[in-house]
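Engineer: The file below is query_12.cif, mmCIF, C-alpha atoms and all ligand atoms:
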```cif
data_run
loop_
_atom_site.label_atom_id
_atom_site.label_comp_id
_atom_site.auth_asym_id
_atom_site.auth_seq_id
_atom_site.Cartn_x
_atom_site.Cartn_y
_atom_site.Cartn_z
CA MET A 264 39.38 26.40 -47.02
CA LEU A 265 38.25 29.37 -45.02
CA GLU A 266 34.97 29.30 -46.93
CA LYS A 267 34.57 25.68 -45.90
CA LEU A 268 35.19 26.53 -42.26
CA ASN A 269 32.61 29.31 -42.31
CA GLU A 270 30.12 26.87 -43.69
CA ILE A 271 30.93 24.23 -41.06
CA GLU A 272 30.36 26.85 -38.41
CA ARG A 273 27.10 28.10 -39.86
CA LEU A 274 25.70 24.63 -40.47
CA GLY A 275 26.66 23.55 -36.96
CA LEU A 276 25.07 26.55 -35.29
CA ASP A 277 21.90 26.26 -37.40
CA ALA A 278 21.56 22.57 -36.64
CA LEU A 279 22.00 23.25 -32.92
CA GLU A 280 19.05 25.64 -33.03
CA ALA A 281 16.82 22.74 -34.00
CA VAL A 282 17.98 20.49 -31.17
CA ARG A 283 15.12 19.88 -28.73
CA ASP A 284 16.11 16.95 -26.57
CA GLU A 285 19.03 15.08 -25.02
CA ALA A 286 19.19 12.47 -27.77
CA ALA A 287 19.28 15.10 -30.51
CA LEU A 288 21.93 17.00 -28.61
CA GLU A 289 24.15 13.94 -28.42
CA ALA A 290 23.55 13.22 -32.12
CA TRP A 291 24.54 16.80 -32.88
CA ARG A 292 27.75 16.45 -30.87
CA VAL A 293 28.72 13.33 -32.79
CA ALA A 294 27.87 14.91 -36.15
CA HIS A 295 29.57 18.26 -35.59
CA LEU A 296 32.36 17.66 -33.12
CA GLY A 297 32.81 13.87 -33.32
CA ARG A 298 35.74 12.10 -34.87
CA SER A 299 34.14 11.77 -38.30
CA SER A 300 32.66 15.27 -38.35
CA ALA A 301 33.64 17.57 -41.21
CA LEU A 302 35.59 19.75 -38.80
CA MET A 303 37.68 16.90 -37.43
CA GLN A 304 38.23 15.55 -40.93
CA LEU A 305 39.57 18.93 -41.81
CA PHE A 306 42.00 18.84 -38.90
CA ASN A 307 43.12 15.41 -40.08
CA GLY A 308 43.75 16.73 -43.57
CA PHE A 309 45.97 19.52 -42.31
CA GLY A 310 49.08 17.94 -43.72
CA GLN A 311 47.91 18.57 -47.28
CA LEU A 312 47.81 22.34 -46.83
CA THR A 313 50.54 24.60 -48.05
CA LYS A 314 52.84 26.25 -45.58
CA GLU A 315 51.19 29.65 -46.14
CA GLU A 316 47.67 28.29 -45.69
CA ARG A 317 48.35 26.48 -42.44
CA PRO A 318 48.47 29.31 -39.84
CA MET A 319 45.34 31.04 -41.13
CA VAL A 320 43.32 27.90 -41.59
CA GLY A 321 44.62 26.46 -38.31
CA GLN A 322 43.63 29.53 -36.38
CA ARG A 323 40.20 29.67 -37.96
CA ALA A 324 39.63 25.95 -37.49
CA ASN A 325 40.43 26.23 -33.79
CA GLU A 326 38.12 29.21 -33.56
CA VAL A 327 35.27 27.30 -35.19
CA LYS A 328 35.89 24.37 -32.88
CA LYS A 329 35.73 26.65 -29.84
CA VAL A 330 32.58 28.35 -31.12
CA LEU A 331 30.85 25.04 -31.70
CA GLU A 332 31.97 23.66 -28.33
CA ALA A 333 30.80 26.79 -26.53
CA ALA A 334 27.48 26.69 -28.38
CA PHE A 335 27.10 23.05 -27.46
CA GLY A 336 27.85 23.81 -23.80
CA ALA A 337 25.42 26.71 -23.76
CA ARG A 338 22.70 24.69 -25.43
CA SER A 339 23.08 21.76 -23.09
CA GLU A 340 22.99 24.07 -20.04
CA GLU A 341 19.91 25.79 -21.49
CA MET A 342 18.19 22.43 -21.85
CA ARG A 343 19.17 21.37 -18.35
CA GLN A 344 17.69 24.56 -16.93
CA ALA A 345 14.54 24.12 -18.97
CA ALA A 346 14.12 20.55 -17.71
CA LEU A 347 14.63 21.70 -14.14
CA LYS A 348 12.12 24.47 -14.58
CA ARG A 349 9.57 22.05 -16.03
CA SER A 350 9.98 19.67 -13.11
CA ILE A 351 9.69 22.50 -10.59
CA GLU A 352 6.60 23.75 -12.33
CA GLN A 353 5.04 20.34 -12.24
CA GLU A 354 5.58 20.06 -8.50
CA ARG A 355 4.99 23.62 -7.65
CA LEU A 356 3.27 24.09 -4.32
CA ASP A 357 -0.08 25.74 -4.48
CA VAL A 358 -0.31 27.08 -0.99
CA THR A 359 -3.97 27.90 -1.44
CA LEU A 360 -4.92 24.23 -1.81
CA PRO A 361 -6.42 22.64 1.31
CA GLY A 362 -3.87 20.41 3.06
CA ARG A 363 -3.92 16.67 2.82
CA ARG A 364 -5.61 15.29 5.89
CA VAL A 365 -3.36 13.10 8.01
CA PRO A 366 -5.47 10.15 9.11
CA LEU A 367 -5.74 10.32 12.87
CA GLY A 368 -6.30 7.31 15.05
CA ARG A 369 -9.22 7.45 17.41
CA LEU A 370 -10.50 5.66 20.46
CA HIS A 371 -12.53 2.52 20.02
CA PRO A 372 -16.19 3.06 20.99
CA ASP A 373 -15.77 0.54 23.79
CA THR A 374 -12.80 2.47 25.16
CA GLN A 375 -14.83 5.65 24.90
CA ILE A 376 -17.75 4.23 26.85
CA LEU A 377 -15.42 2.71 29.45
CA ARG A 378 -13.75 6.06 29.98
CA GLU A 379 -17.10 7.71 30.37
CA LEU A 380 -18.03 5.07 32.92
CA TYR A 381 -14.78 5.64 34.85
CA ARG A 382 -15.61 9.33 34.94
CA ILE A 383 -19.16 8.80 36.16
CA PHE A 384 -18.20 6.19 38.75
CA GLY A 385 -15.26 8.36 39.75
CA GLU A 386 -17.66 11.18 40.53
CA MET A 387 -19.65 8.76 42.67
CA GLY A 388 -16.54 7.82 44.63
CA PHE A 389 -15.50 4.56 42.97
CA GLN A 390 -11.87 3.82 42.12
CA VAL A 391 -10.78 1.76 39.12
CA TYR A 392 -9.22 -1.57 40.11
CA ARG A 393 -7.80 -3.94 37.52
CA SER A 394 -7.27 -7.62 37.87
CA ARG A 395 -6.06 -10.50 35.72
CA GLU A 396 -7.81 -11.98 32.68
CA VAL A 397 -6.43 -15.44 33.28
CA GLU A 398 -7.77 -16.79 36.55
CA SER A 399 -7.85 -19.92 38.58
CA ASP A 400 -11.10 -21.82 38.98
CA GLU A 401 -10.87 -20.95 42.67
CA TYR A 402 -11.13 -17.22 42.04
CA ASN A 403 -13.41 -17.36 39.03
CA PHE A 404 -15.85 -19.72 40.74
CA GLN A 405 -15.14 -21.28 44.14
CA LEU A 406 -14.51 -18.16 46.21
CA LEU A 407 -17.58 -16.63 44.56
CA ASN A 408 -19.68 -19.40 46.01
CA PHE A 409 -19.79 -21.65 42.96
CA PRO A 410 -18.59 -24.91 44.49
CA VAL A 411 -17.05 -27.51 42.18
CA GLY A 412 -19.86 -29.09 40.16
CA HIS A 413 -22.34 -26.30 40.96
CA PRO A 414 -25.00 -26.08 38.22
CA ALA A 415 -24.74 -22.27 38.05
CA ARG A 416 -21.35 -22.75 36.37
CA ASP A 417 -23.30 -23.70 33.27
CA MET A 418 -24.44 -20.07 32.98
CA GLN A 419 -20.89 -19.24 31.96
CA ASP A 420 -19.50 -21.65 29.41
CA THR A 421 -15.86 -21.56 30.24
CA TYR A 422 -12.64 -21.56 28.24
CA PHE A 423 -10.05 -23.65 30.06
CA VAL A 424 -6.34 -23.10 29.72
CA GLU A 425 -4.39 -26.34 29.62
CA SER A 426 -3.40 -26.84 33.23
CA GLU A 427 -2.50 -30.41 33.86
CA GLY A 428 -2.31 -31.58 37.45
CA ARG A 429 -4.31 -28.75 39.01
CA GLY A 430 -7.22 -31.04 39.83
CA ASP A 431 -10.28 -29.04 40.82
CA ASN A 432 -8.49 -25.75 40.34
CA PRO A 433 -7.73 -25.48 36.61
CA ILE A 434 -6.74 -22.23 34.93
CA VAL A 435 -9.52 -20.49 33.02
CA LEU A 436 -10.03 -17.32 31.03
CA ARG A 437 -12.16 -15.32 33.40
CA THR A 438 -15.80 -15.66 32.48
CA HIS A 439 -16.71 -12.49 34.36
CA THR A 440 -14.99 -9.66 36.21
CA SER A 441 -16.39 -10.83 39.56
CA PRO A 442 -13.19 -12.65 40.67
CA GLY A 443 -11.68 -9.19 40.91
CA GLN A 444 -14.03 -8.63 43.86
CA ILE A 445 -12.10 -11.20 45.87
CA HIS A 446 -8.71 -9.79 44.84
CA ALA A 447 -9.81 -6.27 45.74
CA MET A 448 -11.43 -7.16 49.07
CA ARG A 449 -8.43 -9.22 50.14
CA GLU A 450 -6.05 -6.44 49.20
CA VAL A 451 -8.03 -3.78 51.07
CA ALA A 452 -8.79 -6.02 54.07
CA ALA A 453 -5.08 -6.80 54.41
CA LEU A 454 -4.48 -3.12 55.20
CA ASN A 455 -6.30 -3.60 58.50
CA PRO A 456 -7.50 -7.18 59.02
CA HIS A 457 -9.41 -6.47 62.26
CA ASN A 458 -11.20 -3.47 60.93
CA PRO A 459 -11.12 -3.72 57.15
CA PRO A 460 -11.62 -0.38 55.41
CA PRO A 461 -14.61 0.13 53.09
CA VAL A 462 -14.32 -0.76 49.41
CA ARG A 463 -15.68 1.24 46.50
CA ILE A 464 -14.28 0.04 43.22
CA VAL A 465 -15.13 -0.58 39.61
CA LEU A 466 -13.34 -3.38 37.82
CA PRO A 467 -13.24 -3.08 34.06
CA GLY A 468 -11.96 -5.72 31.71
CA MET A 469 -12.33 -8.32 29.03
CA VAL A 470 -14.12 -11.56 29.81
CA TYR A 471 -14.42 -14.75 27.75
CA ARG A 472 -17.23 -17.21 27.23
CA TYR A 473 -17.86 -20.03 24.85
CA GLU A 474 -21.07 -18.43 23.61
CA GLN A 475 -23.33 -18.84 20.66
CA VAL A 476 -22.53 -15.59 18.85
CA ASP A 477 -25.45 -13.38 17.85
CA ALA A 478 -26.38 -9.69 17.77
CA ARG A 479 -26.20 -9.49 21.57
CA HIS A 480 -23.59 -12.14 22.44
CA GLU A 481 -19.90 -12.39 21.72
CA THR A 482 -17.28 -14.87 22.95
CA GLN A 483 -15.22 -11.97 24.27
CA PHE A 484 -16.65 -8.80 25.71
CA ASP A 485 -16.01 -6.12 28.28
CA GLN A 486 -17.61 -5.97 31.67
CA ILE A 487 -17.41 -3.36 34.31
CA GLU A 488 -17.89 -4.74 37.75
CA GLY A 489 -18.78 -2.60 40.74
CA LEU A 490 -18.28 -3.38 44.40
CA ALA A 491 -19.16 -1.38 47.48
CA VAL A 492 -18.51 -2.95 50.88
CA GLY A 493 -18.90 -1.14 54.16
CA LEU A 494 -21.07 -0.64 57.20
CA GLY A 495 -24.80 -0.27 56.60
CA ILE A 496 -24.86 -0.64 52.82
CA THR A 497 -28.32 -1.61 51.58
CA PHE A 498 -30.11 -2.70 48.45
CA SER A 499 -31.44 0.84 48.12
CA ASN A 500 -27.89 2.08 47.72
CA LEU A 501 -27.47 -0.38 44.86
CA LYS A 502 -30.69 0.68 43.17
CA GLY A 503 -29.84 4.33 43.62
CA THR A 504 -26.35 3.87 42.20
CA LEU A 505 -27.46 2.06 39.04
CA ALA A 506 -30.48 4.28 38.43
CA ASP A 507 -28.23 7.31 38.80
CA LEU A 508 -25.73 5.78 36.40
CA ALA A 509 -28.48 5.31 33.81
CA ARG A 510 -29.61 8.92 34.21
CA ARG A 511 -26.08 10.24 33.87
CA LEU A 512 -25.58 8.17 30.74
CA PHE A 513 -28.92 8.60 29.05
CA GLY A 514 -30.68 11.56 30.63
CA GLN A 515 -33.22 12.19 33.38
CA ASN A 516 -36.11 10.47 31.65
CA VAL A 517 -34.54 7.09 31.06
CA ARG A 518 -36.54 4.16 32.43
CA THR A 519 -34.80 1.34 34.26
CA ARG A 520 -35.98 -1.80 35.99
CA PHE A 521 -34.67 -4.47 38.33
CA ARG A 522 -35.81 -8.06 37.88
CA ALA A 523 -35.32 -10.68 40.55
CA SER A 524 -32.65 -13.14 39.49
CA PHE A 525 -30.06 -15.54 40.82
CA PHE A 526 -26.30 -15.44 41.13
CA PRO A 527 -24.34 -17.60 43.58
CA PHE A 528 -22.32 -14.61 44.79
CA THR A 529 -25.21 -12.27 45.58
CA GLU A 530 -28.29 -12.57 47.72
CA PRO A 531 -30.74 -11.19 46.84
CA SER A 532 -29.83 -10.90 43.16
CA ALA A 533 -31.31 -8.88 40.35
CA GLU A 534 -30.94 -8.18 36.69
CA PHE A 535 -30.70 -4.56 35.64
CA ASP A 536 -32.43 -3.43 32.44
CA ILE A 537 -32.61 -0.14 30.60
CA GLU A 538 -35.50 0.64 28.32
CA CYS A 539 -34.41 0.13 24.74
CA PHE A 540 -34.83 3.48 23.07
CA LEU A 541 -33.50 2.10 19.80
CA CYS A 542 -36.90 0.58 19.12
CA GLY A 543 -38.86 2.75 21.56
CA GLY A 544 -39.51 -0.29 23.73
CA LYS A 545 -41.26 -2.24 20.99
CA GLY A 546 -38.62 -4.97 20.80
CA CYS A 547 -35.76 -5.27 18.29
CA THR A 548 -32.66 -7.37 17.55
CA VAL A 549 -30.69 -5.42 20.13
CA CYS A 550 -33.01 -5.75 23.08
CA GLY A 551 -35.29 -8.63 22.29
CA GLY A 552 -38.29 -7.51 24.29
CA GLY A 553 -38.07 -3.72 24.61
CA TRP A 554 -35.64 -3.71 27.56
CA LEU A 555 -31.90 -4.20 27.16
CA GLU A 556 -30.29 -6.28 29.87
CA ILE A 557 -27.26 -4.31 30.99
CA GLY A 558 -26.02 -6.66 33.70
CA GLY A 559 -26.52 -8.41 37.00
CA CYS A 560 -26.37 -7.09 40.51
CA GLY A 561 -27.21 -7.84 44.09
CA MET A 562 -26.11 -7.78 47.70
CA VAL A 563 -22.77 -9.48 48.19
CA HIS A 564 -23.32 -12.99 49.54
CA PRO A 565 -22.05 -13.54 53.12
CA VAL A 566 -19.80 -16.36 51.91
CA VAL A 567 -18.16 -14.00 49.41
CA LEU A 568 -17.69 -11.29 52.02
CA ARG A 569 -16.02 -13.82 54.30
CA ASN A 570 -13.80 -15.08 51.46
CA GLY A 571 -12.75 -11.49 50.87
CA GLY A 572 -11.82 -10.99 54.51
CA TYR A 573 -14.94 -9.11 55.64
CA ASP A 574 -17.09 -10.30 58.55
CA PRO A 575 -20.63 -10.64 57.15
CA GLU A 576 -22.03 -9.99 60.64
CA ARG A 577 -20.70 -6.45 60.47
CA TYR A 578 -20.29 -5.62 56.82
CA THR A 579 -22.66 -5.59 53.91
CA GLY A 580 -22.05 -4.73 50.31
CA PHE A 581 -23.54 -4.52 46.89
CA ALA A 582 -22.07 -5.57 43.58
CA PHE A 583 -22.92 -5.32 39.94
CA GLY A 584 -21.48 -6.49 36.66
CA LEU A 585 -22.42 -4.53 33.56
CA GLY A 586 -21.74 -5.18 29.90
CA SER A 587 -20.09 -2.02 28.67
CA GLN A 588 -20.75 -2.89 25.04
CA ARG A 589 -24.43 -3.18 25.80
CA ILE A 590 -24.26 0.36 27.15
CA ALA A 591 -22.31 1.50 24.09
CA MET A 592 -24.95 -0.10 21.86
CA LEU A 593 -27.65 2.03 23.43
CA ARG A 594 -25.44 5.06 23.56
CA TYR A 595 -24.32 4.98 19.93
CA ARG A 596 -27.30 3.09 18.48
CA ILE A 597 -25.26 0.09 17.44
CA ASN A 598 -27.53 -2.77 16.53
CA ASP A 599 -25.09 -5.66 16.58
CA ILE A 600 -22.42 -6.44 19.18
CA ARG A 601 -20.34 -8.24 16.54
CA TYR A 602 -19.29 -4.90 15.05
CA PHE A 603 -17.08 -4.15 18.05
CA TRP A 604 -14.29 -6.58 17.28
CA GLU A 605 -14.65 -6.93 13.53
CA ASN A 606 -12.13 -4.14 12.98
CA ASP A 607 -14.14 -2.78 10.09
CA LEU A 608 -13.05 0.81 9.53
CA ARG A 609 -16.46 1.72 8.16
CA PHE A 610 -17.74 1.05 11.66
CA LEU A 611 -14.81 2.35 13.68
CA GLU A 612 -14.54 5.63 11.77
CA GLN A 613 -17.99 6.64 12.93
CA PHE A 614 -16.77 7.26 16.47
N1 LIG B 1 -20.71 -11.93 37.05
C1 LIG B 1 -22.04 -11.92 36.49
C2 LIG B 1 -22.00 -12.36 35.06
O1 LIG B 1 -21.03 -12.19 34.41
C3 LIG B 1 -22.63 -10.54 36.54
C4 LIG B 1 -22.87 -10.10 37.91
C5 LIG B 1 -24.06 -10.35 38.50
C6 LIG B 1 -21.90 -9.43 38.61
C7 LIG B 1 -24.33 -9.94 39.79
C8 LIG B 1 -22.13 -9.00 39.88
C9 LIG B 1 -23.36 -9.26 40.46
O2 LIG B 1 -21.24 -8.35 40.60
O3 LIG B 1 -23.59 -8.82 41.70
O4 LIG B 1 -22.95 -12.88 34.58
#
```
Will you turn the file into structure tokens for me?
Ligand code: DAH
Structural biologist:
Amino acid sequence: MLEKLNEIERLGLDALEAVRDEAALEAWRVAHLGRSSALMQLFNGFGQLTKEERPMVGQRANEVKKVLEAAFGARSEEMRQAALKRSIEQERLDVTLPGRRVPLGRLHPDTQILRELYRIFGEMGFQVYRSREVESDEYNFQLLNFPVGHPARDMQDTYFVESEGRGDNPIVLRTHTSPGQIHAMREVAALNPHNPPPVRIVLPGMVYRYEQVDARHETQFDQIEGLAVGLGITFSNLKGTLADLARRLFGQNVRTRFRASFFPFTEPSAEFDIECFLCGGKGCTVCGGGWLEIGGCGMVHPVVLRNGGYDPERYTGFAFGLGSQRIAMLRYRINDIRYFWENDLRFLEQF
């Protein structure tokens, strides 16, 4: 009997040596400590032993059981530790590896150019003034000297907001930032109606037009409007301001030109162009004919001054409305305005 027990012990311990994984360990437990294992069978057959045999065999059997159980416990702990070690090794931090780059958001090129424009105009003494994107016909057109039915309205194909019952004053998405001129003048003039203070503002913001979309035209784009009203303001001040802007943006040698034009809210009116250095003035998809039209400008029309609360007999002013994306196109050599709102990361990540 004792021989048998020694053998059970030896076989069990040897078999445990060969165990390599969880499944084998469980199989070992069933085979060597389970109900039908040789050891347990032996316990079951205890009754057949003689009185003298029992204490010795009993003691040894319990010993073997303890040995096997302890070996099992040790082996399973060993395997647990090994598994843990393997998983730690697999994940081990190599502190010498370069870190993973956290993708950082960045400012849209249009925002960047607008901020640069605020800075430049700020240095020239202009304040930023914001006004609404949804306007009434009155502000978008009438107060700017586009009477109802005026043909110049066709220059700005308009998006109307459903506005039943408003007659000749429907709600529109602003087609330009110029209505902000009226808001700003009225606000400033209200500070001292008999002697309105001077105005020097830039008005940035999104404008909307039902346009044929192409490389230079979008149905939604940013403008930055400028307005200076005061005593003795002349067309030279306007030319000086815009030429200086171009130099600050593009360097001392940049060429600019003013072309006579027409807007209902300015008289005289001009168009302001910057030489297209994308094509070296030869003409390309961005500029068309070698010059990129950046915006319109002129001396504020007397009717507009009056609508803003300024007496045109005493006050004069100049105004301009620039397309900030057009400026960004020159600045960053972007050859199609449609890139701005396409949300294509391959474009946006370049800025
Ligand atoms: N509002 C005009 C447009 O969107 C641009 C413009 C022209 C603005 C002349 C002005 C200006 O302030 O004086 O086409």
Engineer: Hey, which of A:Thr421, A:Gln344, A:Asn598, A:Asn606 ends up closest to ligand LIG 1 (chain B)? Count all atoms listed in the file.
Structural biologist: A:Thr421
Engineer: Do a neighbour search on A:Leu568 at 9 Å with all atoms listed in the file, toss out local chain neighbours closer than 3 positions, and write the hits as a list in words.
Structural biologist: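 Counting all atoms listed in the file, the residues come to Ile445, Met448, Val492, Val563, His564, Pro565, Gly571, Gly572, Tyr573, Asp574, Pro575, Tyr578, Thr579 and Gly580 of chain A.
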Engineer: Let me make sure I understand: among A:Glu341, A:Asp417, A:Glu396, A:Glu605, which one has the smallest atom-to-atom distance to A:Leu279 if we use all atoms listed in the file?
Structural biologist: A:Glu341
Engineer: Tell me, in Å to one decimal, how far atom CA of A:Arg569 is from atom CA of A:Ala506.
Structural biologist: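 These two atoms are separated by 28.1 Å.
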Engineer: Once 5 Å is added on each side, what are the centre and the three edge lengths, in Å to one decimal, of the axis-aligned box enclosing the listed atoms of ligand LIG 1 (chain B)? Present them as JSON.
Structural biologist:
```
{"center_x": -22.5, "center_y": -10.6, "center_z": 38.1, "size_x": 13.6, "size_y": 14.5, "size_z": 17.3}
```
Engineer: Taking only C-alpha atoms and all ligand atoms into account, list the residues no farther than 9 Å from ligand LIG 1 (chain B), as a PyMOL selection string.
Structural biologist: chain A and resi 418-419+438-442+444+470+486-490+524-530+532-534+558-564+581-586
Engineer: Nearest residue to A:Tyr602 out of A:Glu266, A:Asp477, A:Glu315, A:Asp277, using all atoms listed in the file?
Structural biologist: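 Nearest candidate to A:Tyr602 out of A:Glu266, A:Asp477, A:Glu315, A:Asp277: A:Asp477.
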Engineer: What is the distance between atom CA of A:Gly544 and atom CA of A:Ser499, in Å to one decimal?
Structural biologist: 25.7 Å
